[in-house]
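K.L.:
Let me give you the structure first, and then I'll get to my questions.
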Amino acid sequence: FPSHDNTVGHARRFQYIQNLVIQGWRPTIAMEQFDLEQAADLALAQKYCVKADCVIGMAGGSSRWDWDLYCPVLSLALEYRLKIVPAVFSRSQANIVVRSGIHSAFDANTIRQYGLPLPPGSELMEYQMIEVDKGHCGLVPKTLLAGLANAQIARDIAMANSMLEQNKSGRDVILLAGNGHVRNDFGVPYWLRMQSPNSSIKAVGYLERTHGDEPSQFDIVEQVPPFQRPDPCSQKMPSMQSTK
């Protein structure tokens with residue numbers, strides 16, 4: 001999503017998933033909203049819970065997410081016994097990447113497989129730095145941009161790895177994440193194709209008509225009306241750890 005608060009976008013994404021599940025699709029659902037360190041709690045919650053609120057509570061869902069918007073997907077997963085897995089680094093893990101570099105997030109084999117760290121001036125690194133700068137209203141010190149860009153890249157790679165791990169069992173995987181993470185050119189699909197070039201990958205973007213994302217960045221595009229929200233740049237500076 002352009003922003004995670006667009007209720008129409010959430011409703012349409014849920015309908016898209018629900019229709020496929022009703023037709024017989026049984027994917028694993030990887031969610032940006034759960035951190036990788038919550039994996040054990042999330043698995044336990046799915047074993048004992050029958051309601052979405054129970055899953056959120058047992059798994060330790062962060063209060064920074066509006067969980068009312070994700071309850072329909074969680075309820076669908078419980079009803080059809082779809083596996084839900086966490087997909088992304090926690091904020092504390094991302095902070096380590098900002099301070100210490102992307103090599104602090106992965107083992108040597110992963111670093112080698114993905115060609116990390118990206119060299120300064122590379123197209124993907126430049127894009128991420130621009131997006132970080134825009135997302136923080138141009139207020140981020142220039143010395144921090146590369147570190148924050150590395151944190152975004154690390155998140156995307158972590159999500160790609162989470163999906164690839166689940167796909168080893170032969171099941172399809174769907175990722176619930178913001179539009180910035182699911183773009184074909186620089187997001188999770190980019191890293192997925194690097195490791196699994198023959199996989200069938202579809203990036204679905206729910207784009208507000210006033211947002212800067214281009215439809216060509218996605219395989220399927222759903223246009224949604226803009227959500228009325230205050231201009232974040234007229235407020236105080238957004239958190240340095242926020243995602244796109």
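Letters for chains follow the order of the structure tokens (A, B, ...), residue numbers begin at 1 for each chain, and ligand numbers begin at 1 in the order shown.
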Do you know which residues are at most 12 Å from A:Ser199 counting only C-alpha atoms, after dropping those on the same chain fewer than 5 positions away, and could you put them as a PDB file with C-alpha atoms, in the first residue's frame?
P.N.:
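Contents of out.pdb, as written:
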```pdb
ATOM      1  CA  MET A 163       9.034 -16.855   1.372  1.00  0.00           C
ATOM      2  CA  LEU A 164      11.707 -19.062  -0.159  1.00  0.00           C
ATOM      3  CA  ASN A 167       8.198 -22.557  -0.643  1.00  0.00           C
ATOM      4  CA  LYS A 168      10.627 -25.443  -0.067  1.00  0.00           C
ATOM      5  CA  GLY A 170       6.058 -26.972  -2.428  1.00  0.00           C
ATOM      6  CA  ASP A 172       2.563 -21.284  -2.662  1.00  0.00           C
ATOM      7  CA  VAL A 173       3.370 -18.263  -0.519  1.00  0.00           C
ATOM      8  CA  PRO A 189      10.342  -9.783  -6.113  1.00  0.00           C
ATOM      9  CA  TYR A 190      13.745  -8.510  -7.275  1.00  0.00           C
ATOM     10  CA  TRP A 191      15.516 -10.595  -4.612  1.00  0.00           C
ATOM     11  CA  LEU A 192      13.217 -13.595  -5.102  1.00  0.00           C
ATOM     12  CA  ARG A 193      14.043 -13.766  -8.785  1.00  0.00           C
ATOM     13  CA  MET A 194      17.746 -13.541  -8.018  1.00  0.00           C
TER      14      MET A 194
END
```
K.L.:
Might you pull out every residue within 10 Å of stretch 91-106 of chain A, with only C-alpha atoms counted and same-chain residues fewer than 6 positions away left off, and present them as a PyMOL selection string?
P.N.:
chain A and resi 35-37+112+116-118+144-155+157-158+240-243
K.L.:
Please produce a file of the residues just selected, as a short mmCIF file (atom, residue, chain, number, x, y, z; two decimals), in the first residue's frame, where the atoms kept are N, CA and C atoms.
P.N.:
```
data_model
loop_
_atom_site.label_atom_id
_atom_site.label_comp_id
_atom_site.auth_asym_id
_atom_site.auth_seq_id
_atom_site.Cartn_x
_atom_site.Cartn_y
_atom_site.Cartn_z
N ASP A 35 7.26 -9.88 13.23
CA ASP A 35 8.71 -9.96 13.15
C ASP A 35 9.18 -11.41 13.21
N LEU A 36 10.32 -11.69 12.62
CA LEU A 36 10.86 -13.04 12.59
C LEU A 36 11.08 -13.60 14.00
N GLU A 37 11.41 -12.74 14.95
CA GLU A 37 11.64 -13.22 16.31
C GLU A 37 10.34 -13.63 17.00
N ARG A 112 27.01 -13.46 0.23
CA ARG A 112 27.60 -13.80 -1.06
C ARG A 112 26.51 -14.04 -2.11
N LEU A 116 26.00 -8.74 -1.60
CA LEU A 116 25.98 -7.64 -0.63
C LEU A 116 27.38 -7.38 -0.09
N PRO A 117 27.63 -6.18 0.43
CA PRO A 117 26.73 -5.02 0.38
C PRO A 117 26.70 -4.40 -1.01
N LEU A 118 25.62 -3.71 -1.31
CA LEU A 118 25.55 -3.04 -2.61
C LEU A 118 26.53 -1.88 -2.65
N LEU A 144 23.10 9.45 7.34
CA LEU A 144 22.31 8.30 7.77
C LEU A 144 21.59 7.60 6.62
N LEU A 145 21.54 8.24 5.46
CA LEU A 145 20.72 7.71 4.37
C LEU A 145 21.16 6.31 3.94
N ALA A 146 22.46 6.09 3.81
CA ALA A 146 22.94 4.79 3.36
C ALA A 146 22.59 3.70 4.37
N GLY A 147 22.72 4.01 5.66
CA GLY A 147 22.39 3.03 6.69
C GLY A 147 20.92 2.68 6.69
N LEU A 148 20.06 3.68 6.55
CA LEU A 148 18.62 3.43 6.51
C LEU A 148 18.22 2.69 5.23
N ALA A 149 18.90 3.00 4.13
CA ALA A 149 18.63 2.28 2.88
C ALA A 149 19.02 0.81 3.03
N ASN A 150 20.15 0.56 3.69
CA ASN A 150 20.56 -0.82 3.94
C ASN A 150 19.53 -1.57 4.79
N ALA A 151 18.92 -0.87 5.75
CA ALA A 151 17.89 -1.51 6.58
C ALA A 151 16.69 -1.90 5.74
N GLN A 152 16.30 -1.04 4.78
CA GLN A 152 15.19 -1.37 3.90
C GLN A 152 15.54 -2.57 3.01
N ILE A 153 16.74 -2.57 2.48
CA ILE A 153 17.18 -3.68 1.64
C ILE A 153 17.20 -4.97 2.45
N ALA A 154 17.70 -4.89 3.69
CA ALA A 154 17.75 -6.07 4.56
C ALA A 154 16.34 -6.59 4.83
N ARG A 155 15.39 -5.69 5.04
CA ARG A 155 14.01 -6.13 5.25
C ARG A 155 13.49 -6.88 4.03
N ILE A 157 15.17 -8.47 1.72
CA ILE A 157 15.84 -9.76 1.59
C ILE A 157 15.32 -10.75 2.64
N ALA A 158 15.08 -10.26 3.85
CA ALA A 158 14.52 -11.12 4.89
C ALA A 158 13.16 -11.66 4.48
N MET A 240 12.46 7.34 12.48
CA MET A 240 13.56 6.95 11.61
C MET A 240 13.51 5.48 11.28
N GLN A 241 12.65 4.70 11.97
CA GLN A 241 12.59 3.28 11.71
C GLN A 241 11.40 2.89 10.86
N SER A 242 10.60 3.85 10.42
CA SER A 242 9.38 3.50 9.70
C SER A 242 9.70 2.87 8.35
N THR A 243 8.79 1.99 7.90
CA THR A 243 8.95 1.36 6.61
C THR A 243 8.15 2.11 5.58
#
```
K.L.:
For A:Val221, list every protein, DNA or RNA residue within 12 Å, evaluated using only C-alpha atoms, and leave out those in the same chain fewer than 5 positions away; present the list as JSON, numbers by chain.
P.N.:
{"A": [1, 9, 12, 13, 16, 179, 182, 183, 202, 203, 204, 205, 206, 207, 208, 209, 213, 214, 215, 216]}
K.L.:
Just the number, please: distance in Å from atom CA of A:Lys134 to atom CA of A:Gly115, one decimal.
P.N.:
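The value is 26.0 Å.
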K.L.:
Using DSSP on the backbone coordinates, identify the residues of stretch 78-154 of chain A assigned to strand (DSSP E); present them as a list in words.
P.N.:
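DSSP on the backbone gives strand (DSSP E) at Ile84, Val85, Pro86, Ala87 and Val88 of chain A.
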K.L.:
Go ahead and save the picked residues with C-alpha atoms, as a PDB file, in the first residue's frame.
P.N.:
```pdb
ATOM      1  CA  ILE A  84       0.857 -17.698   8.830  1.00  0.00           C
ATOM      2  CA  VAL A  85       4.556 -16.869   9.162  1.00  0.00           C
ATOM      3  CA  PRO A  86       6.465 -13.725  10.122  1.00  0.00           C
ATOM      4  CA  ALA A  87       8.427 -12.143   7.318  1.00  0.00           C
ATOM      5  CA  VAL A  88      10.591  -9.266   8.467  1.00  0.00           C
TER       6      VAL A  88
END
```
K.L.:
So which residues touch stretch 23-25 of chain A within 10 Å, counting only C-alpha atoms, skipping near sequence neighbours fewer than 4 positions away, as a ChimeraX atom specification?
P.N.:
/A:17-19,80,82,171-172
K.L.:
If you keep all heavy atoms, can you produce a file of those selected residues as a PDB file, in the first residue's frame?
P.N.:
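File written: result.pdb
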```pdb
ATOM      1  N   ILE A  17      -7.633 -12.241  -1.960  1.00  0.00           N
ATOM      2  CA  ILE A  17      -7.133 -13.461  -1.333  1.00  0.00           C
ATOM      3  C   ILE A  17      -8.281 -14.419  -1.033  1.00  0.00           C
ATOM      4  O   ILE A  17      -8.195 -15.622  -1.302  1.00  0.00           O
ATOM      5  CB  ILE A  17      -6.363 -13.118  -0.038  1.00  0.00           C
ATOM      6  CG1 ILE A  17      -5.137 -12.255  -0.351  1.00  0.00           C
ATOM      7  CG2 ILE A  17      -5.941 -14.396   0.694  1.00  0.00           C
ATOM      8  CD1 ILE A  17      -4.468 -11.668   0.875  1.00  0.00           C
ATOM      9  N   GLN A  18      -9.356 -13.881  -0.473  1.00  0.00           N
ATOM     10  CA  GLN A  18     -10.495 -14.727  -0.096  1.00  0.00           C
ATOM     11  C   GLN A  18     -11.069 -15.473  -1.299  1.00  0.00           C
ATOM     12  O   GLN A  18     -11.362 -16.672  -1.213  1.00  0.00           O
ATOM     13  CB  GLN A  18     -11.579 -13.871   0.556  1.00  0.00           C
ATOM     14  CG  GLN A  18     -12.791 -14.663   1.049  1.00  0.00           C
ATOM     15  CD  GLN A  18     -13.895 -13.760   1.559  1.00  0.00           C
ATOM     16  OE1 GLN A  18     -14.237 -12.768   0.908  1.00  0.00           O
ATOM     17  NE2 GLN A  18     -14.413 -14.073   2.728  1.00  0.00           N
ATOM     18  N   ASN A  19     -11.206 -14.778  -2.409  1.00  0.00           N
ATOM     19  CA  ASN A  19     -11.771 -15.413  -3.606  1.00  0.00           C
ATOM     20  C   ASN A  19     -10.906 -16.592  -4.060  1.00  0.00           C
ATOM     21  O   ASN A  19     -11.422 -17.651  -4.430  1.00  0.00           O
ATOM     22  CB  ASN A  19     -11.902 -14.397  -4.741  1.00  0.00           C
ATOM     23  CG  ASN A  19     -13.018 -13.407  -4.502  1.00  0.00           C
ATOM     24  OD1 ASN A  19     -13.940 -13.659  -3.711  1.00  0.00           O
ATOM     25  ND2 ASN A  19     -12.956 -12.261  -5.169  1.00  0.00           N
ATOM     26  N   TYR A  80      -9.471 -21.619   7.280  1.00  0.00           N
ATOM     27  CA  TYR A  80      -9.020 -22.579   6.267  1.00  0.00           C
ATOM     28  C   TYR A  80      -7.702 -23.255   6.632  1.00  0.00           C
ATOM     29  O   TYR A  80      -7.125 -23.956   5.805  1.00  0.00           O
ATOM     30  CB  TYR A  80      -8.895 -21.882   4.912  1.00  0.00           C
ATOM     31  CG  TYR A  80     -10.231 -21.587   4.266  1.00  0.00           C
ATOM     32  CD1 TYR A  80     -10.896 -20.386   4.509  1.00  0.00           C
ATOM     33  CD2 TYR A  80     -10.841 -22.514   3.421  1.00  0.00           C
ATOM     34  CE1 TYR A  80     -12.131 -20.119   3.927  1.00  0.00           C
ATOM     35  CE2 TYR A  80     -12.065 -22.253   2.834  1.00  0.00           C
ATOM     36  CZ  TYR A  80     -12.704 -21.055   3.098  1.00  0.00           C
ATOM     37  OH  TYR A  80     -13.930 -20.787   2.516  1.00  0.00           O
ATOM     38  N   LEU A  82      -4.735 -22.024   7.076  1.00  0.00           N
ATOM     39  CA  LEU A  82      -3.612 -21.541   6.293  1.00  0.00           C
ATOM     40  C   LEU A  82      -2.488 -21.140   7.252  1.00  0.00           C
ATOM     41  O   LEU A  82      -2.725 -20.457   8.245  1.00  0.00           O
ATOM     42  CB  LEU A  82      -4.011 -20.334   5.445  1.00  0.00           C
ATOM     43  CG  LEU A  82      -5.224 -20.499   4.535  1.00  0.00           C
ATOM     44  CD1 LEU A  82      -5.532 -19.185   3.841  1.00  0.00           C
ATOM     45  CD2 LEU A  82      -4.995 -21.607   3.523  1.00  0.00           C
ATOM     46  N   ARG A 171       4.522 -25.469  -1.283  1.00  0.00           N
ATOM     47  CA  ARG A 171       3.308 -24.678  -1.172  1.00  0.00           C
ATOM     48  C   ARG A 171       3.544 -23.269  -1.699  1.00  0.00           C
ATOM     49  O   ARG A 171       4.641 -22.725  -1.598  1.00  0.00           O
ATOM     50  CB  ARG A 171       2.834 -24.599   0.276  1.00  0.00           C
ATOM     51  CG  ARG A 171       2.430 -25.941   0.864  1.00  0.00           C
ATOM     52  CD  ARG A 171       1.838 -25.785   2.245  1.00  0.00           C
ATOM     53  NE  ARG A 171       0.569 -25.075   2.215  1.00  0.00           N
ATOM     54  CZ  ARG A 171      -0.161 -24.851   3.308  1.00  0.00           C
ATOM     55  NH1 ARG A 171       0.270 -25.260   4.487  1.00  0.00           N
ATOM     56  NH2 ARG A 171      -1.317 -24.218   3.220  1.00  0.00           N
ATOM     57  N   ASP A 172       2.491 -22.678  -2.251  1.00  0.00           N
ATOM     58  CA  ASP A 172       2.563 -21.284  -2.662  1.00  0.00           C
ATOM     59  C   ASP A 172       2.669 -20.401  -1.420  1.00  0.00           C
ATOM     60  O   ASP A 172       2.234 -20.776  -0.324  1.00  0.00           O
ATOM     61  CB  ASP A 172       1.319 -20.893  -3.454  1.00  0.00           C
ATOM     62  CG  ASP A 172       1.248 -21.561  -4.807  1.00  0.00           C
ATOM     63  OD1 ASP A 172       2.301 -21.991  -5.307  1.00  0.00           O
ATOM     64  OD2 ASP A 172       0.137 -21.660  -5.368  1.00  0.00           O
TER      65      ASP A 172
END
```
K.L.:
Apply DSSP to the backbone of this structure and, from stretch 24-61 of chain A, keep only the residues in alpha helix (DSSP H); write these as a ChimeraX atom specification.
P.N.:
/A:39-48,52-59
K.L.:
Report, in Å with one decimal, the straight-line distance from atom CA of A:Trp67 to atom CA of A:Val140.
P.N.:
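A separation of 28.8 Å between them.
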K.L.:
Return the single residue from A:Arg229, A:Leu124, A:Val21, A:Ser234 that is closest to A:Asn184, with distances computed using only C-alpha atoms.
P.N.:
A:Leu124
K.L.:
Name the closest residue to A:Ala39 among the candidates A:Gln223, A:Ser90, A:Gln113, A:Gln195; distances are taken between atoms, counting only C-alpha atoms.
P.N.:
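For A:Ala39, the nearest of the candidates is A:Ser90.
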K.L.:
Could you jot down the atom CA of A:Ser63 to atom CA of A:Pro226 separation for me, Å, one decimal place?
P.N.:
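Interatomic distance here is 23.9 Å.
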K.L.:
So that I can check the surroundings of A:Leu74, please list as a list in words every protein, DNA and RNA residue that reaches within 8 Å of it, counting only C-alpha atoms and ignoring chain neighbours fewer than 4 positions away.
P.N.:
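Residues near the query, excluding close chain neighbours: Ala52, Val55, Tyr70 and Leu78 of chain A.
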K.L.:
Measuring atom to atom with only C-alpha atoms, identify which of A:Ala40, A:Cys71, A:Ile174, A:Ala45 is nearest to A:Ser200.
P.N.:
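With only C-alpha atoms as the atom set, the closest residue is A:Ile174.
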K.L.:
A:Glu123, A:Asp41, A:Asp107, A:Asp5: which is nearest A:Trp65, counting only C-alpha atoms?
P.N.:
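When distances to A:Trp65 are compared using only C-alpha atoms, the smallest one comes from A:Asp5.
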